[in-house]
Amino acid sequence: MLSFGMTTLIETKDIEECAALCRELGLRFIELNMNLPQYQIYNIDTENLNKIAEKYGISYTMHLDENLNISDFNPYVADAYLRTVLETVGLAKNIHAEKLNMHLSKGVYFSLPDKKVFLFDEYREQYIKSITDFRDKCENAIGDSGIKICVENTSGYADFQLEAIEILLQSSVFGLTLDIGHDHCIGNADEPMLLEHSNRLYHMHMHDARAKRNHLALGTGDIDLQKYLELAKSHGCSVVLETKTVEALRNSVDWLRKNTNEL
């Protein structure tokens, strides 16, 4: 059976309200969204998270800040993001969260008359060094804890990002998240790379999509959901039902119960 979870929705004001909904719907975990103020490192009460997990019979994954840019050319900025990741690894150990989800920033670009020039591409050697250093520091922090940092596809990988992913995947602590809605909205441009490295696919963000509309309830868009459920099952992925409202989450759970034997 697949392990399905939910995100920390804006409508759920605290972790206990979120956990109660998670259990009510028969889901197994909550992905803590670290963009929200209540889930910042300095605001998280580890003891409370563990008590709630035990009370409701759930576990956690963690979604790192979407602004995360560990390759920023300003070392003060890059160091702040690196510190955030390393401290989150420590938190993950304490709350038994096995997966951290992260976006890989494209950074700043210059708009020329005929093209965009991404600074990470223009200064690729410096960029790749920062990625390598980040990989090594994460590997050291994670040790033998079993935690995986899963890189999520978003708006289509640039060549320099593909090179960065290859470097990250040289370490066993890194893996991949497939967000099926993001990929659908860009014509499945990232799917070939993700399938090429499917042995490192550990996590999935599942929601429906239609044209450029994303994060729809399952069964209300154009995605072949059964295809991705089979892919998740074949690789033992945890699956986040990544809708943005409680109603869409409930509808997604209903769709799974009516159309699969997975929940």
# chains A, B, ... in the order shown; residues from 1 in each chain; ligands from 1
>>> closest_atom_pairs(of="region 12-109 of chain A", to="region 235-251 of chain A", cutoff="9 Å", atoms="only C-alpha atoms", output="Markdown table")
| residue | atom | partner | partner_atom | distance |
| --- | --- | --- | --- | --- |
| A:Thr12 | CA | A:Val246 | CA | 8.4 |
| A:Leu21 | CA | A:Val246 | CA | 8.8 |
| A:Leu25 | CA | A:Arg250 | CA | 7.4 |
| A:Phe29 | CA | A:Val240 | CA | 8.4 |
| A:Ile30 | CA | A:Val240 | CA | 8.1 |
| A:Glu31 | CA | A:Val240 | CA | 7.4 |
>>> closest_atom_pairs(of="region 117-153 of chain A", to="region 56-75 of chain A", cutoff="8 Å", atoms="only C-alpha atoms", output="Markdown table")
| residue | atom | partner | partner_atom | distance |
| --- | --- | --- | --- | --- |
| A:Tyr127 | CA | A:Ser71 | CA | 6.1 |
| A:Ser130 | CA | A:Ser71 | CA | 5.5 |
| A:Ile131 | CA | A:Ser71 | CA | 6.8 |
| A:Phe134 | CA | A:Ile70 | CA | 7.3 |
>>> closest_residue(among="A:Ile149, A:Val117, A:Leu195, A:Leu27", to="Met102 (chain A)", atoms="only C-alpha atoms")
A:Ile149
>>> residues_around(residues="Arg124 (chain A)", least_positions_apart="3", cutoff="10 Å", atoms="only C-alpha atoms", output="PDB file with all heavy atoms, in the first residue's frame")
ATOM      1  N   PHE A 118      21.059  33.330 -17.298  1.00  0.00           N
ATOM      2  CA  PHE A 118      21.047  33.003 -15.880  1.00  0.00           C
ATOM      3  C   PHE A 118      22.466  33.121 -15.324  1.00  0.00           C
ATOM      4  O   PHE A 118      23.423  32.591 -15.903  1.00  0.00           O
ATOM      5  CB  PHE A 118      20.511  31.590 -15.662  1.00  0.00           C
ATOM      6  CG  PHE A 118      19.027  31.484 -15.853  1.00  0.00           C
ATOM      7  CD1 PHE A 118      18.488  31.213 -17.102  1.00  0.00           C
ATOM      8  CD2 PHE A 118      18.162  31.679 -14.784  1.00  0.00           C
ATOM      9  CE1 PHE A 118      17.121  31.124 -17.286  1.00  0.00           C
ATOM     10  CE2 PHE A 118      16.792  31.597 -14.951  1.00  0.00           C
ATOM     11  CZ  PHE A 118      16.267  31.323 -16.208  1.00  0.00           C
ATOM     12  N   LEU A 119      22.587  33.800 -14.215  1.00  0.00           N
ATOM     13  CA  LEU A 119      23.917  34.036 -13.657  1.00  0.00           C
ATOM     14  C   LEU A 119      24.577  32.742 -13.195  1.00  0.00           C
ATOM     15  O   LEU A 119      25.804  32.619 -13.254  1.00  0.00           O
ATOM     16  CB  LEU A 119      23.832  35.035 -12.506  1.00  0.00           C
ATOM     17  CG  LEU A 119      23.331  36.436 -12.875  1.00  0.00           C
ATOM     18  CD1 LEU A 119      23.529  37.393 -11.711  1.00  0.00           C
ATOM     19  CD2 LEU A 119      24.022  36.972 -14.127  1.00  0.00           C
ATOM     20  N   PHE A 120      23.779  31.771 -12.751  1.00  0.00           N
ATOM     21  CA  PHE A 120      24.368  30.495 -12.361  1.00  0.00           C
ATOM     22  C   PHE A 120      24.964  29.774 -13.567  1.00  0.00           C
ATOM     23  O   PHE A 120      25.912  28.999 -13.425  1.00  0.00           O
ATOM     24  CB  PHE A 120      23.327  29.589 -11.699  1.00  0.00           C
ATOM     25  CG  PHE A 120      22.927  30.017 -10.307  1.00  0.00           C
ATOM     26  CD1 PHE A 120      21.727  29.594  -9.766  1.00  0.00           C
ATOM     27  CD2 PHE A 120      23.749  30.824  -9.541  1.00  0.00           C
ATOM     28  CE1 PHE A 120      21.355  29.962  -8.478  1.00  0.00           C
ATOM     29  CE2 PHE A 120      23.382  31.213  -8.259  1.00  0.00           C
ATOM     30  CZ  PHE A 120      22.179  30.778  -7.726  1.00  0.00           C
ATOM     31  N   ASP A 121      24.419  30.025 -14.745  1.00  0.00           N
ATOM     32  CA  ASP A 121      24.962  29.442 -15.958  1.00  0.00           C
ATOM     33  C   ASP A 121      26.211  30.205 -16.402  1.00  0.00           C
ATOM     34  O   ASP A 121      27.227  29.615 -16.790  1.00  0.00           O
ATOM     35  CB  ASP A 121      23.899  29.472 -17.056  1.00  0.00           C
ATOM     36  CG  ASP A 121      24.249  28.590 -18.245  1.00  0.00           C
ATOM     37  OD1 ASP A 121      25.079  27.670 -18.083  1.00  0.00           O
ATOM     38  OD2 ASP A 121      23.687  28.807 -19.324  1.00  0.00           O
ATOM     39  N   TYR A 127      28.999  28.222  -9.332  1.00  0.00           N
ATOM     40  CA  TYR A 127      27.724  27.594  -8.980  1.00  0.00           C
ATOM     41  C   TYR A 127      27.923  26.118  -8.631  1.00  0.00           C
ATOM     42  O   TYR A 127      27.433  25.641  -7.589  1.00  0.00           O
ATOM     43  CB  TYR A 127      26.746  27.740 -10.145  1.00  0.00           C
ATOM     44  CG  TYR A 127      25.475  26.943  -9.995  1.00  0.00           C
ATOM     45  CD1 TYR A 127      24.527  27.282  -9.034  1.00  0.00           C
ATOM     46  CD2 TYR A 127      25.213  25.851 -10.832  1.00  0.00           C
ATOM     47  CE1 TYR A 127      23.355  26.552  -8.901  1.00  0.00           C
ATOM     48  CE2 TYR A 127      24.041  25.127 -10.710  1.00  0.00           C
ATOM     49  CZ  TYR A 127      23.118  25.478  -9.731  1.00  0.00           C
ATOM     50  OH  TYR A 127      21.969  24.753  -9.608  1.00  0.00           O
ATOM     51  N   ILE A 128      28.629  25.408  -9.465  1.00  0.00           N
ATOM     52  CA  ILE A 128      28.825  23.973  -9.245  1.00  0.00           C
ATOM     53  C   ILE A 128      29.625  23.726  -7.968  1.00  0.00           C
ATOM     54  O   ILE A 128      29.354  22.775  -7.225  1.00  0.00           O
ATOM     55  CB  ILE A 128      29.503  23.329 -10.464  1.00  0.00           C
ATOM     56  CG1 ILE A 128      28.547  23.349 -11.667  1.00  0.00           C
ATOM     57  CG2 ILE A 128      29.951  21.911 -10.156  1.00  0.00           C
ATOM     58  CD1 ILE A 128      27.222  22.636 -11.437  1.00  0.00           C
ATOM     59  N   LYS A 129      30.579  24.592  -7.681  1.00  0.00           N
ATOM     60  CA  LYS A 129      31.326  24.445  -6.422  1.00  0.00           C
ATOM     61  C   LYS A 129      30.389  24.579  -5.222  1.00  0.00           C
ATOM     62  O   LYS A 129      30.494  23.825  -4.245  1.00  0.00           O
ATOM     63  CB  LYS A 129      32.450  25.478  -6.327  1.00  0.00           C
ATOM     64  CG  LYS A 129      33.287  25.333  -5.051  1.00  0.00           C
ATOM     65  CD  LYS A 129      34.382  26.380  -4.955  1.00  0.00           C
ATOM     66  CE  LYS A 129      35.265  26.136  -3.739  1.00  0.00           C
ATOM     67  NZ  LYS A 129      34.499  26.057  -2.467  1.00  0.00           N
ATOM     68  N   SER A 130      29.467  25.521  -5.295  1.00  0.00           N
ATOM     69  CA  SER A 130      28.540  25.710  -4.180  1.00  0.00           C
ATOM     70  C   SER A 130      27.644  24.483  -4.009  1.00  0.00           C
ATOM     71  O   SER A 130      27.329  24.088  -2.872  1.00  0.00           O
ATOM     72  CB  SER A 130      27.682  26.959  -4.399  1.00  0.00           C
ATOM     73  OG  SER A 130      26.712  26.759  -5.412  1.00  0.00           O
ATOM     74  N   PHE A 160      22.169  23.954 -16.300  1.00  0.00           N
ATOM     75  CA  PHE A 160      23.055  24.032 -15.134  1.00  0.00           C
ATOM     76  C   PHE A 160      22.420  23.348 -13.927  1.00  0.00           C
ATOM     77  O   PHE A 160      23.125  22.801 -13.075  1.00  0.00           O
ATOM     78  CB  PHE A 160      23.431  25.486 -14.822  1.00  0.00           C
ATOM     79  CG  PHE A 160      22.279  26.411 -14.519  1.00  0.00           C
ATOM     80  CD1 PHE A 160      21.781  26.545 -13.229  1.00  0.00           C
ATOM     81  CD2 PHE A 160      21.701  27.166 -15.537  1.00  0.00           C
ATOM     82  CE1 PHE A 160      20.735  27.401 -12.951  1.00  0.00           C
ATOM     83  CE2 PHE A 160      20.649  28.029 -15.272  1.00  0.00           C
ATOM     84  CZ  PHE A 160      20.155  28.152 -13.973  1.00  0.00           C
ATOM     85  N   GLN A 161      21.090  23.340 -13.855  1.00  0.00           N
ATOM     86  CA  GLN A 161      20.421  22.626 -12.768  1.00  0.00           C
ATOM     87  C   GLN A 161      20.534  21.114 -12.953  1.00  0.00           C
ATOM     88  O   GLN A 161      20.690  20.378 -11.972  1.00  0.00           O
ATOM     89  CB  GLN A 161      18.950  23.026 -12.699  1.00  0.00           C
ATOM     90  CG  GLN A 161      18.720  24.455 -12.225  1.00  0.00           C
ATOM     91  CD  GLN A 161      17.247  24.787 -12.201  1.00  0.00           C
ATOM     92  OE1 GLN A 161      16.583  24.725 -13.236  1.00  0.00           O
ATOM     93  NE2 GLN A 161      16.739  25.137 -11.039  1.00  0.00           N
ATOM     94  N   GLU A 163      23.006  19.595 -14.301  1.00  0.00           N
ATOM     95  CA  GLU A 163      24.361  19.259 -13.855  1.00  0.00           C
ATOM     96  C   GLU A 163      24.427  19.222 -12.333  1.00  0.00           C
ATOM     97  O   GLU A 163      25.056  18.334 -11.744  1.00  0.00           O
ATOM     98  CB  GLU A 163      25.369  20.274 -14.407  1.00  0.00           C
ATOM     99  CG  GLU A 163      26.811  19.924 -14.072  1.00  0.00           C
ATOM    100  CD  GLU A 163      27.826  20.889 -14.690  1.00  0.00           C
ATOM    101  OE1 GLU A 163      27.422  21.762 -15.482  1.00  0.00           O
ATOM    102  OE2 GLU A 163      29.026  20.754 -14.358  1.00  0.00           O
ATOM    103  N   ALA A 164      23.755  20.165 -11.695  1.00  0.00           N
ATOM    104  CA  ALA A 164      23.736  20.206 -10.226  1.00  0.00           C
ATOM    105  C   ALA A 164      23.081  18.955  -9.652  1.00  0.00           C
ATOM    106  O   ALA A 164      23.568  18.380  -8.662  1.00  0.00           O
ATOM    107  CB  ALA A 164      23.007  21.456  -9.755  1.00  0.00           C
TER     108      ALA A 164
END
>>> closest_residue(among="A:Leu178, A:Val253, A:Met204, A:Ile147", to="Gly26 (chain A)", atoms="only C-alpha atoms")
A:Val253
>>> select_by_dssp(residues="region 112-261 of chain A", states="helix (DSSP H, G or I)", output="JSON, numbers by chain")
{"A": [119, 120, 121, 122, 124, 125, 126, 127, 128, 129, 130, 131, 132, 133, 134, 135, 136, 137, 138, 139, 140, 141, 142, 159, 160, 161, 162, 163, 164, 165, 166, 167, 168, 180, 181, 182, 183, 184, 191, 192, 193, 194, 195, 196, 198, 199, 200, 225, 226, 227, 228, 229, 230, 231, 232, 233, 234, 235, 246, 247, 248, 249, 250, 251, 252, 253, 254, 255, 256, 257, 258, 259]}
>>> residues_around(residues="Glu262 (chain A)", least_positions_apart="5", cutoff="12 Å", atoms="only C-alpha atoms", output="ChimeraX atom specification")
/A:1-4,26-27,226,229-230,232-233,239,253-257
>>> write_last_selection(atoms="N, CA and C atoms", output="PDB file, in the first residue's frame")
ATOM      1  N   MET A   1       0.833  -1.202   0.000  1.00  0.00           N
ATOM      2  CA  MET A   1       0.000   0.000   0.000  1.00  0.00           C
ATOM      3  C   MET A   1       0.868   1.253   0.000  1.00  0.00           C
ATOM      4  N   LEU A   2       0.459   2.223  -0.773  1.00  0.00           N
ATOM      5  CA  LEU A   2       1.161   3.498  -0.796  1.00  0.00           C
ATOM      6  C   LEU A   2       0.911   4.269   0.487  1.00  0.00           C
ATOM      7  N   SER A   3       1.870   5.092   0.864  1.00  0.00           N
ATOM      8  CA  SER A   3       1.730   5.974   2.023  1.00  0.00           C
ATOM      9  C   SER A   3       1.356   7.365   1.527  1.00  0.00           C
ATOM     10  N   PHE A   4       0.134   7.819   1.845  1.00  0.00           N
ATOM     11  CA  PHE A   4      -0.349   9.119   1.414  1.00  0.00           C
ATOM     12  C   PHE A   4      -0.315  10.109   2.569  1.00  0.00           C
ATOM     13  N   GLY A  26      -7.681   9.425   6.944  1.00  0.00           N
ATOM     14  CA  GLY A  26      -6.960   8.177   6.781  1.00  0.00           C
ATOM     15  C   GLY A  26      -5.599   8.327   6.145  1.00  0.00           C
ATOM     16  N   LEU A  27      -5.028   9.538   6.222  1.00  0.00           N
ATOM     17  CA  LEU A  27      -3.693   9.787   5.679  1.00  0.00           C
ATOM     18  C   LEU A  27      -2.651   9.488   6.748  1.00  0.00           C
ATOM     19  N   GLN A 226      -3.513   7.264 -12.716  1.00  0.00           N
ATOM     20  CA  GLN A 226      -3.186   5.855 -12.483  1.00  0.00           C
ATOM     21  C   GLN A 226      -1.743   5.544 -12.882  1.00  0.00           C
ATOM     22  N   LEU A 229       0.386   6.739 -10.004  1.00  0.00           N
ATOM     23  CA  LEU A 229       0.209   5.890  -8.825  1.00  0.00           C
ATOM     24  C   LEU A 229       1.013   4.605  -8.977  1.00  0.00           C
ATOM     25  N   GLU A 230       1.012   4.045 -10.174  1.00  0.00           N
ATOM     26  CA  GLU A 230       1.813   2.831 -10.423  1.00  0.00           C
ATOM     27  C   GLU A 230       3.296   3.130 -10.309  1.00  0.00           C
ATOM     28  N   ALA A 232       4.677   5.494  -8.460  1.00  0.00           N
ATOM     29  CA  ALA A 232       4.961   5.678  -7.038  1.00  0.00           C
ATOM     30  C   ALA A 232       5.044   4.334  -6.332  1.00  0.00           C
ATOM     31  N   LYS A 233       4.125   3.450  -6.645  1.00  0.00           N
ATOM     32  CA  LYS A 233       4.115   2.142  -5.992  1.00  0.00           C
ATOM     33  C   LYS A 233       5.367   1.345  -6.344  1.00  0.00           C
ATOM     34  N   VAL A 239       3.600   9.752  -0.941  1.00  0.00           N
ATOM     35  CA  VAL A 239       2.820  10.576  -1.866  1.00  0.00           C
ATOM     36  C   VAL A 239       2.073  11.655  -1.085  1.00  0.00           C
ATOM     37  N   VAL A 253      -9.098  12.607  -1.651  1.00  0.00           N
ATOM     38  CA  VAL A 253      -9.204  11.364  -0.888  1.00  0.00           C
ATOM     39  C   VAL A 253     -10.397  10.550  -1.371  1.00  0.00           C
ATOM     40  N   ASP A 254     -11.521  11.217  -1.624  1.00  0.00           N
ATOM     41  CA  ASP A 254     -12.701  10.518  -2.143  1.00  0.00           C
ATOM     42  C   ASP A 254     -12.395   9.864  -3.485  1.00  0.00           C
ATOM     43  N   TRP A 255     -11.670  10.585  -4.350  1.00  0.00           N
ATOM     44  CA  TRP A 255     -11.324  10.019  -5.663  1.00  0.00           C
ATOM     45  C   TRP A 255     -10.468   8.763  -5.502  1.00  0.00           C
ATOM     46  N   LEU A 256      -9.493   8.818  -4.596  1.00  0.00           N
ATOM     47  CA  LEU A 256      -8.628   7.657  -4.382  1.00  0.00           C
ATOM     48  C   LEU A 256      -9.434   6.457  -3.900  1.00  0.00           C
ATOM     49  N   ARG A 257     -10.364   6.706  -3.000  1.00  0.00           N
ATOM     50  CA  ARG A 257     -11.156   5.592  -2.456  1.00  0.00           C
ATOM     51  C   ARG A 257     -12.067   4.991  -3.508  1.00  0.00           C
TER      52      ARG A 257
END
>>> select_by_dssp(residues="region 57-202 of chain A", states="strand (DSSP E)", output="list in words")
Ser59, Tyr60, Thr61, Met62, His63, Lys99, Leu100, Asn101, Met102, His103, Tyr109, Phe110, Ser111, Lys116, Val117, Phe118, Lys148, Ile149, Cys150, Val151, Glu152, Phe174, Gly175, Leu176, Thr177, Leu178, Asp179, Leu201 and Tyr202 of chain A
>>> residues_around(residues="Glu54 (chain A)", least_positions_apart="3", cutoff="12 Å", atoms="only C-alpha atoms", output="list in words")
Glu16, Ala19, Ala20, Arg23, Arg28, Phe29, Glu47, Asn48, Leu49, Asn50, Lys51, Gly57, Ile58, Ser59, Tyr60, Ile95 and His96 of chain A
